[in-house]
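Single-structure report; data block below.
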Amino acid sequence: MQLTHAGQIFLIVFVILCVWSFALTRLWLKRLADNRESSKLEFAYLFAVVFSISALFFPFSYWVSQAVYDLATKPTYDAKIVSYNSEWVDTDRTDSNGRKYRTQTLMHTAQVQFKDQNNKTITIDNSIRSGDVPIIGDHLTVVYKDGDHNAQEKSWRSMLLFAAAVFMLFILGFVLLMIIAYGMNREMKPYKAFASFLIFRVTLTLGTMAMFAMLSYAVFAYFFLGNPRDLPVWVVAICGLFSVCLLPLIYHILTGWKAYRDR
């Protein structure tokens, strides 16, 4: 049986990642062991860590950079939603006791229509699938090039998605950089200081602000936008309570934890 082109690429990338992970793990373990005998189990664990991070970082760096490049360079069109497709999608969730369970969510993909540069009418699926029902007749800004399987939406949703992906890749890349620096016997204090800044000043700040914005928007939409998502009042009350509870944390973040430094 002959491998397809995609299979050949997958095999080549897999081999390269294995060689890369093996070499980096040896460097990491050499300094970590500090002239003591290391076990095969320890090597296997560190190899799995390096391979997992690398397998996420390098392929996704290529895919995300390609998607961002396409979003910036492909022709832009004003498209109109003419219909949509709906399908049930399996979703993994976690209950209040930490137990995972699987449920189904109805997701919708808008079908948009526009005229390309040759004045040809194109009807094609949008690139973003959402739980919100698309409104027929609404307009979207999309990018499209002949041969694409869908029209890539150019909106705040896609920008936010790419921003989150870039931030995730940045964290993965920094972790890889720390492993490389550690394996090459570099001084780790600057890396630790930056990691602390990244966690407490950047990640915690962005996560808290994003959570506060989502919770507050639920309250705002209920009272000022006519409750477009039909949220029950108890959900809105909980969102309001949690958003208020986040205010002290936001205060300390914005003031740089001054109240604790001055003690």
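Following the order of the structure tokens, first chain is A, next is B, and so on, with residues numbered from 1 inside each chain and ligands from 1 in the order they appear.
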May I have the residues within 12 Å of Leu71 of chain A as a PDB file with C-alpha atoms, in the first residue's frame, using only C-alpha atoms and disregarding those fewer than 2 positions away in the same chain?
```
ATOM      1  CA  VAL A  64      -1.703  30.012  11.833  1.00  0.00           C
ATOM      2  CA  SER A  65       0.869  32.061   9.920  1.00  0.00           C
ATOM      3  CA  GLN A  66      -0.611  30.836   6.636  1.00  0.00           C
ATOM      4  CA  ALA A  67      -4.124  31.719   7.779  1.00  0.00           C
ATOM      5  CA  VAL A  68      -3.085  35.191   8.936  1.00  0.00           C
ATOM      6  CA  TYR A  69      -1.201  35.769   5.671  1.00  0.00           C
ATOM      7  CA  THR A  73      -3.490  39.304   1.294  1.00  0.00           C
ATOM      8  CA  LYS A  74      -6.522  37.626  -0.275  1.00  0.00           C
ATOM      9  CA  PRO A  75      -9.186  39.726  -2.042  1.00  0.00           C
ATOM     10  CA  THR A  76     -11.867  41.049   0.301  1.00  0.00           C
ATOM     11  CA  TYR A  77     -15.576  40.950  -0.504  1.00  0.00           C
ATOM     12  CA  SER A 127     -15.249  29.559   7.554  1.00  0.00           C
ATOM     13  CA  THR A 141     -16.712  40.750   5.173  1.00  0.00           C
ATOM     14  CA  VAL A 142     -14.918  37.713   3.774  1.00  0.00           C
ATOM     15  CA  VAL A 143     -11.694  36.935   1.948  1.00  0.00           C
ATOM     16  CA  TYR A 144     -11.698  34.481  -0.921  1.00  0.00           C
ATOM     17  CA  LYS A 145      -9.463  33.256  -3.720  1.00  0.00           C
ATOM     18  CA  ALA A 151     -14.870  32.001   2.442  1.00  0.00           C
ATOM     19  CA  GLN A 152     -12.765  33.092   5.378  1.00  0.00           C
ATOM     20  CA  GLU A 153     -14.657  35.517   7.559  1.00  0.00           C
ATOM     21  CA  LYS A 154     -12.841  38.764   8.328  1.00  0.00           C
ATOM     22  CA  SER A 155     -14.403  40.025  11.525  1.00  0.00           C
ATOM     23  CA  SER A 158     -11.761  35.697  13.401  1.00  0.00           C
ATOM     24  CA  MET A 159      -9.321  38.318  14.693  1.00  0.00           C
ATOM     25  CA  PHE A 162      -6.166  34.307  15.616  1.00  0.00           C
TER      26      PHE A 162
END
```
May I have the residues within 12 Å of Pro59 of chain A as number ranges by chain, using only C-alpha atoms and disregarding those fewer than 4 positions away in the same chain?
A: 9-10, 13-14, 16-17, 52-55, 63-66, 169, 172-173
Quiz item: In segment 64-108 of chain A, what's strand (DSSP E or B) per DSSP? Answer as a PyMOL selection string?
Solution: chain A and resi 76-94+100-108
Residues as selected, N, CA and C atoms, written as a PDB file, in the first residue's frame, can you do that?
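Saved file result38.pdb follows:
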```pdb
ATOM      1  N   THR A  76     -10.808  40.886  -0.691  1.00  0.00           N
ATOM      2  CA  THR A  76     -11.867  41.049   0.301  1.00  0.00           C
ATOM      3  C   THR A  76     -13.184  41.369  -0.395  1.00  0.00           C
ATOM      4  N   TYR A  77     -14.260  40.748   0.098  1.00  0.00           N
ATOM      5  CA  TYR A  77     -15.576  40.950  -0.504  1.00  0.00           C
ATOM      6  C   TYR A  77     -16.617  41.185   0.586  1.00  0.00           C
ATOM      7  N   ASP A  78     -17.654  41.900   0.193  1.00  0.00           N
ATOM      8  CA  ASP A  78     -18.816  42.075   1.061  1.00  0.00           C
ATOM      9  C   ASP A  78     -19.824  40.990   0.689  1.00  0.00           C
ATOM     10  N   ALA A  79     -20.028  40.049   1.590  1.00  0.00           N
ATOM     11  CA  ALA A  79     -20.877  38.887   1.305  1.00  0.00           C
ATOM     12  C   ALA A  79     -22.186  38.981   2.080  1.00  0.00           C
ATOM     13  N   LYS A  80     -23.194  38.341   1.520  1.00  0.00           N
ATOM     14  CA  LYS A  80     -24.523  38.324   2.130  1.00  0.00           C
ATOM     15  C   LYS A  80     -24.881  36.897   2.526  1.00  0.00           C
ATOM     16  N   ILE A  81     -25.406  36.742   3.730  1.00  0.00           N
ATOM     17  CA  ILE A  81     -25.827  35.415   4.186  1.00  0.00           C
ATOM     18  C   ILE A  81     -27.131  35.049   3.481  1.00  0.00           C
ATOM     19  N   VAL A  82     -27.103  33.935   2.748  1.00  0.00           N
ATOM     20  CA  VAL A  82     -28.285  33.517   1.993  1.00  0.00           C
ATOM     21  C   VAL A  82     -28.939  32.273   2.594  1.00  0.00           C
ATOM     22  N   SER A  83     -28.188  31.500   3.359  1.00  0.00           N
ATOM     23  CA  SER A  83     -28.745  30.320   4.024  1.00  0.00           C
ATOM     24  C   SER A  83     -27.728  29.835   5.048  1.00  0.00           C
ATOM     25  N   TYR A  84     -28.034  28.729   5.702  1.00  0.00           N
ATOM     26  CA  TYR A  84     -27.071  28.155   6.638  1.00  0.00           C
ATOM     27  C   TYR A  84     -27.347  26.667   6.808  1.00  0.00           C
ATOM     28  N   ASN A  85     -26.303  25.959   7.199  1.00  0.00           N
ATOM     29  CA  ASN A  85     -26.400  24.528   7.482  1.00  0.00           C
ATOM     30  C   ASN A  85     -26.230  24.307   8.978  1.00  0.00           C
ATOM     31  N   SER A  86     -26.956  23.350   9.508  1.00  0.00           N
ATOM     32  CA  SER A  86     -26.893  23.055  10.937  1.00  0.00           C
ATOM     33  C   SER A  86     -26.560  21.585  11.145  1.00  0.00           C
ATOM     34  N   GLU A  87     -25.773  21.318  12.178  1.00  0.00           N
ATOM     35  CA  GLU A  87     -25.445  19.936  12.516  1.00  0.00           C
ATOM     36  C   GLU A  87     -25.138  19.826  14.002  1.00  0.00           C
ATOM     37  N   TRP A  88     -25.426  18.649  14.547  1.00  0.00           N
ATOM     38  CA  TRP A  88     -25.129  18.384  15.947  1.00  0.00           C
ATOM     39  C   TRP A  88     -23.670  17.976  16.075  1.00  0.00           C
ATOM     40  N   VAL A  89     -22.976  18.605  17.010  1.00  0.00           N
ATOM     41  CA  VAL A  89     -21.550  18.357  17.213  1.00  0.00           C
ATOM     42  C   VAL A  89     -21.333  17.872  18.640  1.00  0.00           C
ATOM     43  N   ASP A  90     -20.551  16.803  18.782  1.00  0.00           N
ATOM     44  CA  ASP A  90     -20.224  16.299  20.118  1.00  0.00           C
ATOM     45  C   ASP A  90     -19.321  17.292  20.845  1.00  0.00           C
ATOM     46  N   THR A  91     -19.666  17.581  22.097  1.00  0.00           N
ATOM     47  CA  THR A  91     -18.910  18.541  22.901  1.00  0.00           C
ATOM     48  C   THR A  91     -18.613  17.927  24.260  1.00  0.00           C
ATOM     49  N   ASP A  92     -17.354  17.992  24.673  1.00  0.00           N
ATOM     50  CA  ASP A  92     -16.955  17.506  25.996  1.00  0.00           C
ATOM     51  C   ASP A  92     -17.098  18.633  27.008  1.00  0.00           C
ATOM     52  N   ARG A  93     -17.793  18.350  28.094  1.00  0.00           N
ATOM     53  CA  ARG A  93     -18.002  19.341  29.147  1.00  0.00           C
ATOM     54  C   ARG A  93     -17.626  18.738  30.498  1.00  0.00           C
ATOM     55  N   THR A  94     -17.494  19.607  31.497  1.00  0.00           N
ATOM     56  CA  THR A  94     -17.156  19.181  32.858  1.00  0.00           C
ATOM     57  C   THR A  94     -18.194  19.745  33.814  1.00  0.00           C
ATOM     58  N   LYS A 100     -16.244  14.609  33.671  1.00  0.00           N
ATOM     59  CA  LYS A 100     -16.419  14.954  32.269  1.00  0.00           C
ATOM     60  C   LYS A 100     -17.567  14.156  31.666  1.00  0.00           C
ATOM     61  N   TYR A 101     -18.306  14.816  30.816  1.00  0.00           N
ATOM     62  CA  TYR A 101     -19.382  14.140  30.109  1.00  0.00           C
ATOM     63  C   TYR A 101     -19.487  14.729  28.707  1.00  0.00           C
ATOM     64  N   ARG A 102     -20.118  13.992  27.837  1.00  0.00           N
ATOM     65  CA  ARG A 102     -20.236  14.411  26.438  1.00  0.00           C
ATOM     66  C   ARG A 102     -21.685  14.760  26.125  1.00  0.00           C
ATOM     67  N   THR A 103     -21.847  15.890  25.488  1.00  0.00           N
ATOM     68  CA  THR A 103     -23.173  16.322  25.076  1.00  0.00           C
ATOM     69  C   THR A 103     -23.103  16.778  23.626  1.00  0.00           C
ATOM     70  N   GLN A 104     -24.236  17.114  23.067  1.00  0.00           N
ATOM     71  CA  GLN A 104     -24.284  17.557  21.679  1.00  0.00           C
ATOM     72  C   GLN A 104     -24.756  19.005  21.611  1.00  0.00           C
ATOM     73  N   THR A 105     -24.095  19.761  20.753  1.00  0.00           N
ATOM     74  CA  THR A 105     -24.419  21.169  20.560  1.00  0.00           C
ATOM     75  C   THR A 105     -24.775  21.396  19.097  1.00  0.00           C
ATOM     76  N   LEU A 106     -25.845  22.118  18.868  1.00  0.00           N
ATOM     77  CA  LEU A 106     -26.256  22.419  17.500  1.00  0.00           C
ATOM     78  C   LEU A 106     -25.443  23.606  16.988  1.00  0.00           C
ATOM     79  N   MET A 107     -24.630  23.357  15.972  1.00  0.00           N
ATOM     80  CA  MET A 107     -23.771  24.390  15.401  1.00  0.00           C
ATOM     81  C   MET A 107     -24.255  24.753  13.999  1.00  0.00           C
ATOM     82  N   HIS A 108     -24.062  26.014  13.646  1.00  0.00           N
ATOM     83  CA  HIS A 108     -24.571  26.527  12.375  1.00  0.00           C
ATOM     84  C   HIS A 108     -23.421  27.106  11.545  1.00  0.00           C
TER      85      HIS A 108
END
```
Discussion item. So that I can see what lies close to segment 183-188 of chain A, please list as a list in words the residues with an atom at most 8 Å from it, counting only C-alpha atoms and leaving out residues fewer than 6 positions away in the same chain.
Written reply: Leu24, Leu27, Trp28, Leu29, Lys30 and Arg31 of chain A
Pull N, CA and C atoms from the residues just selected and write them as a PDB file, in the first residue's frame.
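Below you can see result-v4.pdb, which holds the result:
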```pdb
ATOM      1  N   LEU A  24      16.828  17.210  22.002  1.00  0.00           N
ATOM      2  CA  LEU A  24      16.555  18.212  23.030  1.00  0.00           C
ATOM      3  C   LEU A  24      16.372  17.562  24.400  1.00  0.00           C
ATOM      4  N   LEU A  27      19.770  16.872  25.953  1.00  0.00           N
ATOM      5  CA  LEU A  27      20.355  18.079  26.538  1.00  0.00           C
ATOM      6  C   LEU A  27      19.695  18.422  27.873  1.00  0.00           C
ATOM      7  N   TRP A  28      18.383  18.336  27.889  1.00  0.00           N
ATOM      8  CA  TRP A  28      17.624  18.657  29.100  1.00  0.00           C
ATOM      9  C   TRP A  28      17.997  17.709  30.232  1.00  0.00           C
ATOM     10  N   LEU A  29      18.034  16.435  29.937  1.00  0.00           N
ATOM     11  CA  LEU A  29      18.296  15.432  30.968  1.00  0.00           C
ATOM     12  C   LEU A  29      19.743  15.473  31.442  1.00  0.00           C
ATOM     13  N   LYS A  30      20.646  15.874  30.554  1.00  0.00           N
ATOM     14  CA  LYS A  30      22.058  15.930  30.932  1.00  0.00           C
ATOM     15  C   LYS A  30      22.285  16.929  32.059  1.00  0.00           C
ATOM     16  N   ARG A  31      21.645  18.096  31.953  1.00  0.00           N
ATOM     17  CA  ARG A  31      21.792  19.085  33.024  1.00  0.00           C
ATOM     18  C   ARG A  31      20.934  18.722  34.229  1.00  0.00           C
TER      19      ARG A  31
END
```
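When only C-alpha atoms are used to measure the gap to Thr123 of chain A, the shortest distance among A:Arg99, A:His149, A:Phe22, A:Asp230 belongs to A:His149.
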Pairwise distance, atom CA of Val50 of chain A with atom CA of Ile179 of chain A, equals 8.4 Å
Calculate how many Å separate atom CA of Ser130 of chain A from atom CA of Ala110 of chain A, rounding to one decimal.
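It comes out at 8.7 Å.
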Polymer residues at most 12 Å from segment 240-242 of chain A, only C-alpha atoms, same-chain spacing of 3 or more positions, as a ChimeraX atom specification:
/A:208,211-223,233-237,245-249
Q.
Residues within 9 Å of Ile124 of chain A, please, as a list in words. Count only C-alpha atoms; anything in the same chain fewer than 2 positions from it doesn't count.
A.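 So, after excluding close chain neighbours, the residues are Ala110, Gln111, Val112, Gln113, Phe114, Ile122, Asn126, His149, Asn150 and Ala151 of chain A.
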Checklist line | DSSP helix (DSSP H, G or I) selection over segment 25-256 of chain A, as number ranges by chain | finding: A: 25-33, 40-73, 156-183, 189-224, 233-245, 247-254
Item to complete: Fewer than 4 positions away in the same chain doesn't count, so skip those; otherwise give me all residues within 7 Å of Phe47 of chain A, counting only C-alpha atoms, as a PyMOL selection string.
Response: chain A and resi 21-22+25+43+51
Can I get the selected residues back with all heavy atoms, as a CSV table (one decimal), in the first residue's frame?
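Final output, saved to result.csv:
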```
chain,number,residue,atom,x,y,z
A,21,SER,N,13.1,16.0,19.2
A,21,SER,CA,12.7,15.8,20.6
A,21,SER,C,13.7,14.9,21.3
A,21,SER,O,14.1,15.2,22.5
A,21,SER,CB,11.3,15.1,20.7
A,21,SER,OG,10.3,15.9,20.1
A,22,PHE,N,14.3,13.9,20.6
A,22,PHE,CA,15.3,13.1,21.2
A,22,PHE,C,16.6,13.9,21.6
A,22,PHE,O,17.1,13.8,22.7
A,22,PHE,CB,15.7,12.0,20.3
A,22,PHE,CG,16.7,11.0,20.8
A,22,PHE,CD1,16.3,10.0,21.6
A,22,PHE,CD2,18.1,11.2,20.5
A,22,PHE,CE1,17.3,9.1,22.1
A,22,PHE,CE2,19.0,10.3,20.9
A,22,PHE,CZ,18.6,9.2,21.8
A,25,THR,N,15.8,16.4,24.4
A,25,THR,CA,15.6,15.7,25.7
A,25,THR,C,16.9,15.3,26.3
A,25,THR,O,17.1,15.3,27.5
A,25,THR,CB,14.7,14.4,25.5
A,25,THR,OG1,13.4,14.8,24.9
A,25,THR,CG2,14.5,13.7,26.8
A,43,PHE,N,13.7,9.6,31.1
A,43,PHE,CA,13.9,10.0,29.7
A,43,PHE,C,12.6,10.0,28.9
A,43,PHE,O,12.4,10.9,28.1
A,43,PHE,CB,15.0,9.2,29.0
A,43,PHE,CG,15.4,9.6,27.7
A,43,PHE,CD1,16.3,10.5,27.4
A,43,PHE,CD2,14.7,9.1,26.5
A,43,PHE,CE1,16.7,11.0,26.1
A,43,PHE,CE2,15.0,9.5,25.3
A,43,PHE,CZ,16.0,10.4,25.1
A,51,PHE,N,8.2,16.3,22.9
A,51,PHE,CA,7.5,16.0,21.7
A,51,PHE,C,6.1,16.6,21.6
A,51,PHE,O,5.7,17.1,20.5
A,51,PHE,CB,7.4,14.4,21.5
A,51,PHE,CG,6.8,14.0,20.2
A,51,PHE,CD1,7.5,13.8,19.1
A,51,PHE,CD2,5.4,13.7,20.2
A,51,PHE,CE1,7.0,13.4,17.9
A,51,PHE,CE2,4.8,13.3,19.0
A,51,PHE,CZ,5.6,13.1,17.9
```
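Atom CA of Arg129 of chain A sits 4.7 Å away from atom CA of Thr109 of chain A.
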task: Excluding Val175 of chain A and any residue of its chain fewer than 5 positions from it, enumerate the residues within 12 Å of it, using only C-alpha atoms, and give them as a ChimeraX atom specification.
output: /A:49-50,52-54,56-57,168-170,180-182,191-192,194-195,198
